[in-house]
>>> print(open('protein23.txt').read())   # compact mmCIF, C-alpha atoms
# COMPACT_ATOMS: atom_id res chain seq x y z
CA GLN X 1184 70.63 15.75 -57.76
CA LYS X 1185 66.86 16.12 -57.64
CA GLU X 1186 65.58 16.72 -61.15
CA VAL X 1187 62.97 19.25 -60.08
CA GLU X 1188 63.98 21.69 -57.36
CA GLN X 1189 61.76 23.92 -55.24
CA ASN X 1190 62.45 26.03 -52.20
CA SER X 1191 60.63 24.30 -49.36
CA GLY X 1192 59.64 27.59 -47.75
CA PRO X 1193 57.59 28.55 -45.95
CA LEU X 1194 56.87 31.51 -48.18
CA SER X 1195 54.85 33.99 -46.18
CA VAL X 1196 52.89 36.74 -47.93
CA PRO X 1197 50.21 39.13 -46.68
CA GLU X 1198 46.65 38.80 -47.90
CA GLY X 1199 46.15 40.59 -51.20
CA ALA X 1200 49.81 40.39 -52.22
CA ILE X 1201 51.33 38.48 -55.12
CA ALA X 1202 52.86 35.13 -54.20
CA SER X 1203 55.69 33.98 -56.44
CA LEU X 1204 56.60 30.31 -56.43
CA ASN X 1205 59.63 29.09 -58.31
CA CYS X 1206 60.88 25.81 -59.69
CA THR X 1207 63.99 24.79 -61.62
CA TYR X 1208 64.59 21.57 -63.46
CA SER X 1209 67.66 19.78 -64.71
CA ASP X 1210 66.38 17.59 -67.54
CA ARG X 1211 66.22 19.50 -70.81
CA GLY X 1212 64.00 16.72 -72.12
CA SER X 1213 61.18 17.92 -69.89
CA GLN X 1214 58.47 19.17 -72.17
CA SER X 1215 55.51 20.14 -70.02
CA PHE X 1216 55.08 21.43 -66.52
CA PHE X 1217 52.33 21.29 -63.98
CA TRP X 1218 51.53 23.02 -60.74
CA TYR X 1219 49.60 21.14 -58.09
CA ARG X 1220 48.17 22.54 -54.88
CA GLN X 1221 48.11 20.25 -51.85
CA TYR X 1222 46.35 21.16 -48.64
CA SER X 1223 47.58 19.50 -45.49
CA GLY X 1224 46.31 15.92 -45.30
CA LYS X 1225 44.78 16.08 -48.76
CA SER X 1226 45.74 14.91 -52.23
CA PRO X 1227 47.46 17.02 -54.92
CA GLU X 1228 45.05 19.06 -57.03
CA LEU X 1229 46.07 20.17 -60.52
CA ILE X 1230 45.80 23.94 -60.88
CA MET X 1231 47.93 24.85 -63.91
CA SER X 1232 49.54 23.17 -66.90
CA ILE X 1233 52.03 24.89 -69.21
CA TYR X 1234 53.47 23.38 -72.36
CA SER X 1235 55.34 26.18 -74.15
CA ASN X 1236 57.58 29.10 -73.31
CA GLY X 1237 55.89 32.21 -72.01
CA ASP X 1238 53.01 32.97 -69.70
CA LYS X 1239 49.69 31.24 -69.21
CA GLU X 1240 47.00 32.90 -67.15
CA ASP X 1241 43.98 31.35 -65.48
CA GLY X 1242 42.08 33.59 -63.11
CA ARG X 1243 44.39 34.68 -60.31
CA PHE X 1244 47.08 32.20 -61.40
CA THR X 1245 49.83 32.78 -63.96
CA ALA X 1246 52.33 30.10 -64.89
CA GLN X 1247 55.59 31.11 -66.55
CA LEU X 1248 57.94 28.78 -68.42
CA ASN X 1249 61.45 29.55 -69.65
CA LYS X 1250 62.95 26.44 -71.20
CA ALA X 1251 66.29 28.12 -71.99
CA SER X 1252 66.77 28.90 -68.28
CA GLN X 1253 65.02 25.68 -67.18
CA TYR X 1254 62.77 27.69 -64.94
CA VAL X 1255 59.08 27.52 -64.13
CA SER X 1256 57.12 29.82 -61.87
CA LEU X 1257 53.62 30.27 -60.53
CA LEU X 1258 52.27 33.68 -59.60
CA ILE X 1259 49.19 33.97 -57.43
CA ARG X 1260 47.64 37.43 -57.52
CA ASP X 1261 45.47 38.81 -54.72
CA SER X 1262 46.56 36.00 -52.42
CA GLN X 1263 43.92 34.73 -50.01
CA PRO X 1264 44.30 32.76 -46.78
CA SER X 1265 42.60 29.88 -48.61
CA ASP X 1266 45.64 29.76 -50.92
CA SER X 1267 47.75 28.59 -47.98
CA ALA X 1268 48.96 25.15 -49.02
CA THR X 1269 51.96 23.31 -50.41
CA TYR X 1270 52.52 23.89 -54.12
CA LEU X 1271 54.12 21.08 -56.09
CA CYS X 1272 55.92 21.64 -59.37
CA ALA X 1273 56.12 18.69 -61.76
CA GLY X 1274 57.88 18.23 -65.06
CA ALA X 1275 56.82 15.72 -67.69
CA ILE X 1276 59.19 13.67 -69.77
CA TYR X 1277 57.70 12.03 -72.84
CA GLY X 1278 59.01 9.39 -75.18
CA GLY X 1279 59.82 6.65 -72.69
CA ALA X 1280 57.77 3.67 -71.59
CA THR X 1281 55.34 6.00 -69.90
CA ASN X 1282 54.75 9.70 -69.64
CA LYS X 1283 56.78 10.34 -66.54
CA LEU X 1284 56.09 13.13 -64.06
CA ILE X 1285 58.95 14.24 -61.85
CA PHE X 1286 57.78 16.13 -58.79
CA GLY X 1287 59.58 18.67 -56.68
CA THR X 1288 59.23 18.40 -52.93
CA GLY X 1289 56.94 21.42 -52.80
CA THR X 1290 56.88 24.95 -51.44
CA LEU X 1291 54.71 25.75 -48.44
CA LEU X 1292 52.81 29.01 -48.92
CA ALA X 1293 51.34 30.82 -45.94
CA VAL X 1294 49.04 33.77 -46.66
CA GLN X 1295 48.69 35.97 -43.61
CA PRO X 1296 45.28 37.65 -43.03
CA ILE P 1138 30.60 11.98 -59.44
CA ALA P 1139 33.55 11.45 -61.78
CA GLY P 1140 36.88 10.90 -60.14
CA ILE P 1141 39.17 8.48 -58.38
CA THR P 1142 38.36 6.59 -55.21
CA GLN P 1143 40.83 4.82 -52.97
CA ALA P 1144 40.31 2.39 -50.13
CA PRO P 1145 41.00 2.16 -47.31
CA THR P 1146 41.43 5.77 -46.18
CA SER P 1147 43.94 4.65 -43.60
CA GLN P 1148 45.32 1.40 -42.27
CA ILE P 1149 47.63 0.19 -39.54
CA LEU P 1150 49.31 -3.03 -40.52
CA ALA P 1151 51.61 -5.46 -38.79
CA ALA P 1152 54.93 -6.10 -40.49
CA GLY P 1153 54.87 -9.23 -42.64
CA ARG P 1154 51.18 -8.96 -43.47
CA ARG P 1155 49.83 -8.76 -46.99
CA MET P 1156 47.83 -5.69 -47.94
CA THR P 1157 46.03 -4.53 -51.07
CA LEU P 1158 45.26 -0.88 -51.63
CA ARG P 1159 42.34 -0.33 -53.96
CA CYS P 1160 41.96 2.33 -56.62
CA THR P 1161 39.03 2.87 -58.97
CA GLN P 1162 38.47 5.62 -61.53
CA ASP P 1163 35.36 6.38 -63.54
CA MET P 1164 36.85 8.85 -66.01
CA ARG P 1165 37.71 6.14 -68.57
CA HIS P 1166 41.34 7.21 -68.40
CA ASN P 1167 43.78 4.88 -70.10
CA ALA P 1168 46.71 5.37 -67.74
CA MET P 1169 46.91 4.86 -63.99
CA TYR P 1170 49.71 5.36 -61.49
CA TRP P 1171 50.65 4.62 -57.92
CA TYR P 1172 52.79 7.08 -55.95
CA ARG P 1173 54.03 7.22 -52.43
CA GLN P 1174 54.61 10.52 -50.66
CA ASP P 1175 57.13 10.81 -47.87
CA LEU P 1176 58.24 13.92 -46.02
CA GLY P 1177 61.24 15.49 -47.69
CA LEU P 1178 61.16 13.07 -50.62
CA GLY P 1179 58.05 14.21 -52.43
CA LEU P 1180 55.95 12.03 -54.67
CA ARG P 1181 57.68 8.98 -56.10
CA LEU P 1182 56.25 6.68 -58.73
CA ILE P 1183 55.87 3.04 -57.67
CA HIS P 1184 54.16 1.41 -60.65
CA TYR P 1185 52.18 2.54 -63.65
CA SER P 1186 49.84 1.17 -66.28
CA ASN P 1187 49.51 2.85 -69.68
CA THR P 1188 46.43 0.81 -70.58
CA ALA P 1189 44.41 -2.13 -69.31
CA GLY P 1190 46.45 -5.33 -69.39
CA THR P 1191 49.86 -3.64 -69.15
CA THR P 1192 51.93 -2.52 -66.18
CA GLY P 1193 55.40 -1.11 -65.63
CA LYS P 1194 57.84 -0.31 -62.84
CA GLY P 1195 58.40 3.19 -61.61
CA GLU P 1196 61.12 4.68 -59.43
CA VAL P 1197 60.51 2.62 -56.26
CA PRO P 1198 58.81 -0.68 -57.23
CA ASP P 1199 60.47 -3.10 -54.80
CA GLY P 1200 58.05 -4.77 -52.41
CA TYR P 1201 55.00 -3.77 -54.44
CA SER P 1202 53.00 -5.37 -57.24
CA VAL P 1203 50.10 -4.19 -59.37
CA SER P 1204 47.60 -5.57 -61.85
CA ARG P 1205 45.33 -3.91 -64.38
CA ALA P 1206 42.58 -6.31 -65.36
CA ASN P 1207 40.28 -3.55 -66.64
CA THR P 1208 40.26 0.18 -67.33
CA ASP P 1209 38.78 1.25 -64.02
CA ASP P 1210 40.72 -0.64 -61.33
CA PHE P 1211 44.40 -0.58 -60.40
CA PRO P 1212 45.12 -2.32 -57.09
CA LEU P 1213 48.50 -2.09 -55.36
CA THR P 1214 49.63 -5.07 -53.29
CA LEU P 1215 52.26 -5.21 -50.58
CA ALA P 1216 53.10 -8.91 -50.37
CA SER P 1217 54.87 -8.70 -47.00
CA ALA P 1218 54.74 -5.24 -45.48
CA VAL P 1219 57.81 -3.67 -43.87
CA PRO P 1220 58.01 -0.51 -41.72
CA SER P 1221 59.75 1.42 -44.52
CA GLN P 1222 56.53 1.13 -46.49
CA THR P 1223 54.83 3.44 -44.01
CA SER P 1224 53.71 6.30 -46.22
CA VAL P 1225 50.80 8.02 -47.87
CA TYR P 1226 49.85 6.30 -51.11
CA PHE P 1227 48.18 8.13 -53.97
CA CYS P 1228 46.60 6.67 -57.05
CA ALA P 1229 46.42 8.87 -60.13
CA SER P 1230 45.10 8.62 -63.65
CA SER P 1231 45.55 10.38 -66.97
CA ASP P 1232 43.97 10.17 -70.37
CA ARG P 1233 47.20 9.05 -72.04
CA GLY P 1234 49.93 6.78 -70.79
CA ALA P 1235 52.56 7.60 -73.38
CA GLY P 1236 53.16 9.81 -76.35
CA GLY P 1237 51.22 12.88 -75.37
CA TYR P 1238 50.34 15.43 -72.77
CA ASN P 1239 49.92 13.97 -69.37
CA GLU P 1240 47.72 15.80 -66.91
CA GLN P 1241 47.45 13.45 -63.97
CA PHE P 1242 44.59 13.55 -61.50
CA PHE P 1243 44.94 12.17 -58.01
CA GLY P 1244 42.76 10.16 -55.69
CA PRO P 1245 42.28 11.07 -52.01
CA GLY P 1246 45.09 8.82 -50.78
CA THR P 1247 45.61 5.99 -48.31
CA ARG P 1248 47.64 6.56 -45.18
CA LEU P 1249 49.43 3.31 -44.34
CA THR P 1250 51.35 2.62 -41.16
CA VAL P 1251 53.39 -0.58 -40.88
CA LEU P 1252 54.42 -1.51 -37.36
>>> encode(input="protein23.txt", output="structure tokens")
Amino acid sequence: QKEVEQNSGPLSVPEGAIASLNCTYSDRGSQSFFWYRQYSGKSPELIMSIYSNGDKEDGRFTAQLNKASQYVSLLIRDSQPSDSATYLCAGAIYGGATNKLIFGTGTLLAVQP
Amino acid sequence: IAGITQAPTSQILAAGRRMTLRCTQDMRHNAMYWYRQDLGLGLRLIHYSNTAGTTGKGEVPDGYSVSRANTDDFPLTLASAVPSQTSVYFCASSDRGAGGYNEQFFGPGTRLTVL
């Protein structure tokens, strides 16, 4: 079983709408979570980090973490066509030989003009 | 400009050949990582280095080796390439290797095709 699960999509939303991207994880030892945006043919770009339960807002992005439900989400308000990309969720496990990031396979977001 | 550079951008390689992918960062980050990204499998860790002079194996290390002679450089070597190593390879770095928060930043990637 993949330790970080994401719906592969595509998730299609109209321009100006809220896009909701979801991620679940199986390892309760995961302590921090990250959202990366990856445009086609490009490298992952870190857009949000969240370390504790609750919401964290940065501009049009809000990350939500619920450790009891093992659930992470990313909300994108006022979605723009330039937000069309694959969004990768990653969970971090600390305490081993290295700080390990486990990535989901990503959700493709398509924002329709 | 601070960041991570990788070379080459892309490469077509005959099976059995040796290949070194280069990665250099100028952010003075302690930790560096090599990932491969394959369709449907996501990003998988190949090798890592928490600090200069140390390296460790990730999830898929077989067929790959790394070295970390200094803080800035972290080359990945394929001793004898096989077609299953066809992939996109990303180098990443973070301020800490262990024991703390771990925001990782990625280089532009190398697209490798092994025929």
>>> atom_distance(input="protein23.txt", atom1="CA of Ser1204 in chain P", atom2="CA of Arg1220 in chain X")
29.0 Å
>>> atom_distance(input="protein23.txt", atom1="CA of Ser1203 in chain X", atom2="CA of Ser1231 in chain P")
27.8 Å
>>> closest_atom_pairs(input="protein23.txt", of="chain P", to="chain X", cutoff="9 Å", atoms="all atoms listed in the file", output="tab-separated table")
residue	atom	partner	partner_atom	distance
P:Ala1168	CA	X:Thr1281	CA	8.9
P:Leu1176	CA	X:Thr1288	CA	8.3
P:Gly1177	CA	X:Thr1288	CA	6.3
P:Leu1178	CA	X:Thr1288	CA	6.1
P:Gly1179	CA	X:Thr1288	CA	4.4
P:Leu1180	CA	X:Phe1286	CA	6.1
P:Arg1181	CA	X:Phe1286	CA	7.6
P:Leu1182	CA	X:Leu1284	CA	8.4
P:Tyr1185	CA	X:Thr1281	CA	7.8
P:Ser1186	CA	X:Thr1281	CA	8.2
P:Asn1187	CA	X:Thr1281	CA	6.6
P:Gly1193	CA	X:Ala1280	CA	8.0
P:Gly1195	CA	X:Lys1283	CA	8.8
P:Phe1227	CA	X:Ser1226	CA	7.4
P:Arg1233	CA	X:Asn1282	CA	7.9
P:Gly1234	CA	X:Thr1281	CA	5.5
P:Ala1235	CA	X:Thr1281	CA	4.7
P:Gly1236	CA	X:Gly1278	CA	6.0
P:Gly1237	CA	X:Tyr1277	CA	7.0
P:Tyr1238	CA	X:Ser1215	CA	7.5
P:Asn1239	CA	X:Asn1282	CA	6.5
P:Glu1240	CA	X:Ser1232	CA	7.6
P:Gln1241	CA	X:Leu1229	CA	7.7
P:Phe1242	CA	X:Leu1229	CA	6.9
P:Phe1243	CA	X:Pro1227	CA	6.3
P:Gly1244	CA	X:Ser1226	CA	6.6
P:Pro1245	CA	X:Ser1226	CA	5.2
P:Gly1246	CA	X:Ser1226	CA	6.3
>>> atom_distance(input="protein23.txt", atom1="CA of Ser1265 in chain X", atom2="CA of Ala1229 in chain P")
24.3 Å
>>> residues_around(input="protein23.txt", residues="range 1141-1145 of chain P", least_positions_apart="3", cutoff="10 Å", atoms="all atoms listed in the file", output="list in words")
Ile1138, Gln1148, Thr1157, Leu1158, Arg1159, Cys1160, Thr1161, Gln1162, Asp1163, Met1164, Asp1209, Asp1210, Phe1211, Pro1212, Tyr1226, Phe1227, Cys1228, Ala1229, Ser1230, Phe1242, Phe1243, Gly1244, Pro1245, Gly1246, Thr1247, Arg1248 and Leu1249 of chain P
>>> closest_residue(input="protein23.txt", among="P:Ile1183, P:Met1156, P:Met1169, P:Val1251", to="Ser1221 in chain P", atoms="only C-alpha atoms")
P:Val1251
>>> closest_residue(input="protein23.txt", among="X:Gly1242, X:Ser1213, X:Ala1202, X:Gly1237", to="Ile1259 in chain X", atoms="only C-alpha atoms")
X:Ala1202
>>> axis_aligned_box(input="protein23.txt", around="range 1214-1221 of chain P", padding_each_side="3 Å", output="lines of an AutoDock Vina configuration file")
center_x = 54.7
center_y = -3.7
center_z = -47.5
size_x = 16.1
size_y = 16.3
size_z = 17.6
>>> closest_residue(input="protein23.txt", among="X:Val1196, X:Leu1292, X:Val1187, X:Ala1268", to="Gln1253 in chain X", atoms="all atoms listed in the file")
X:Val1187
>>> closest_residue(input="protein23.txt", among="P:Gly1190, P:Gln1174, P:Thr1250, P:Pro1198", to="Thr1146 in chain P", atoms="only C-alpha atoms")
P:Thr1250
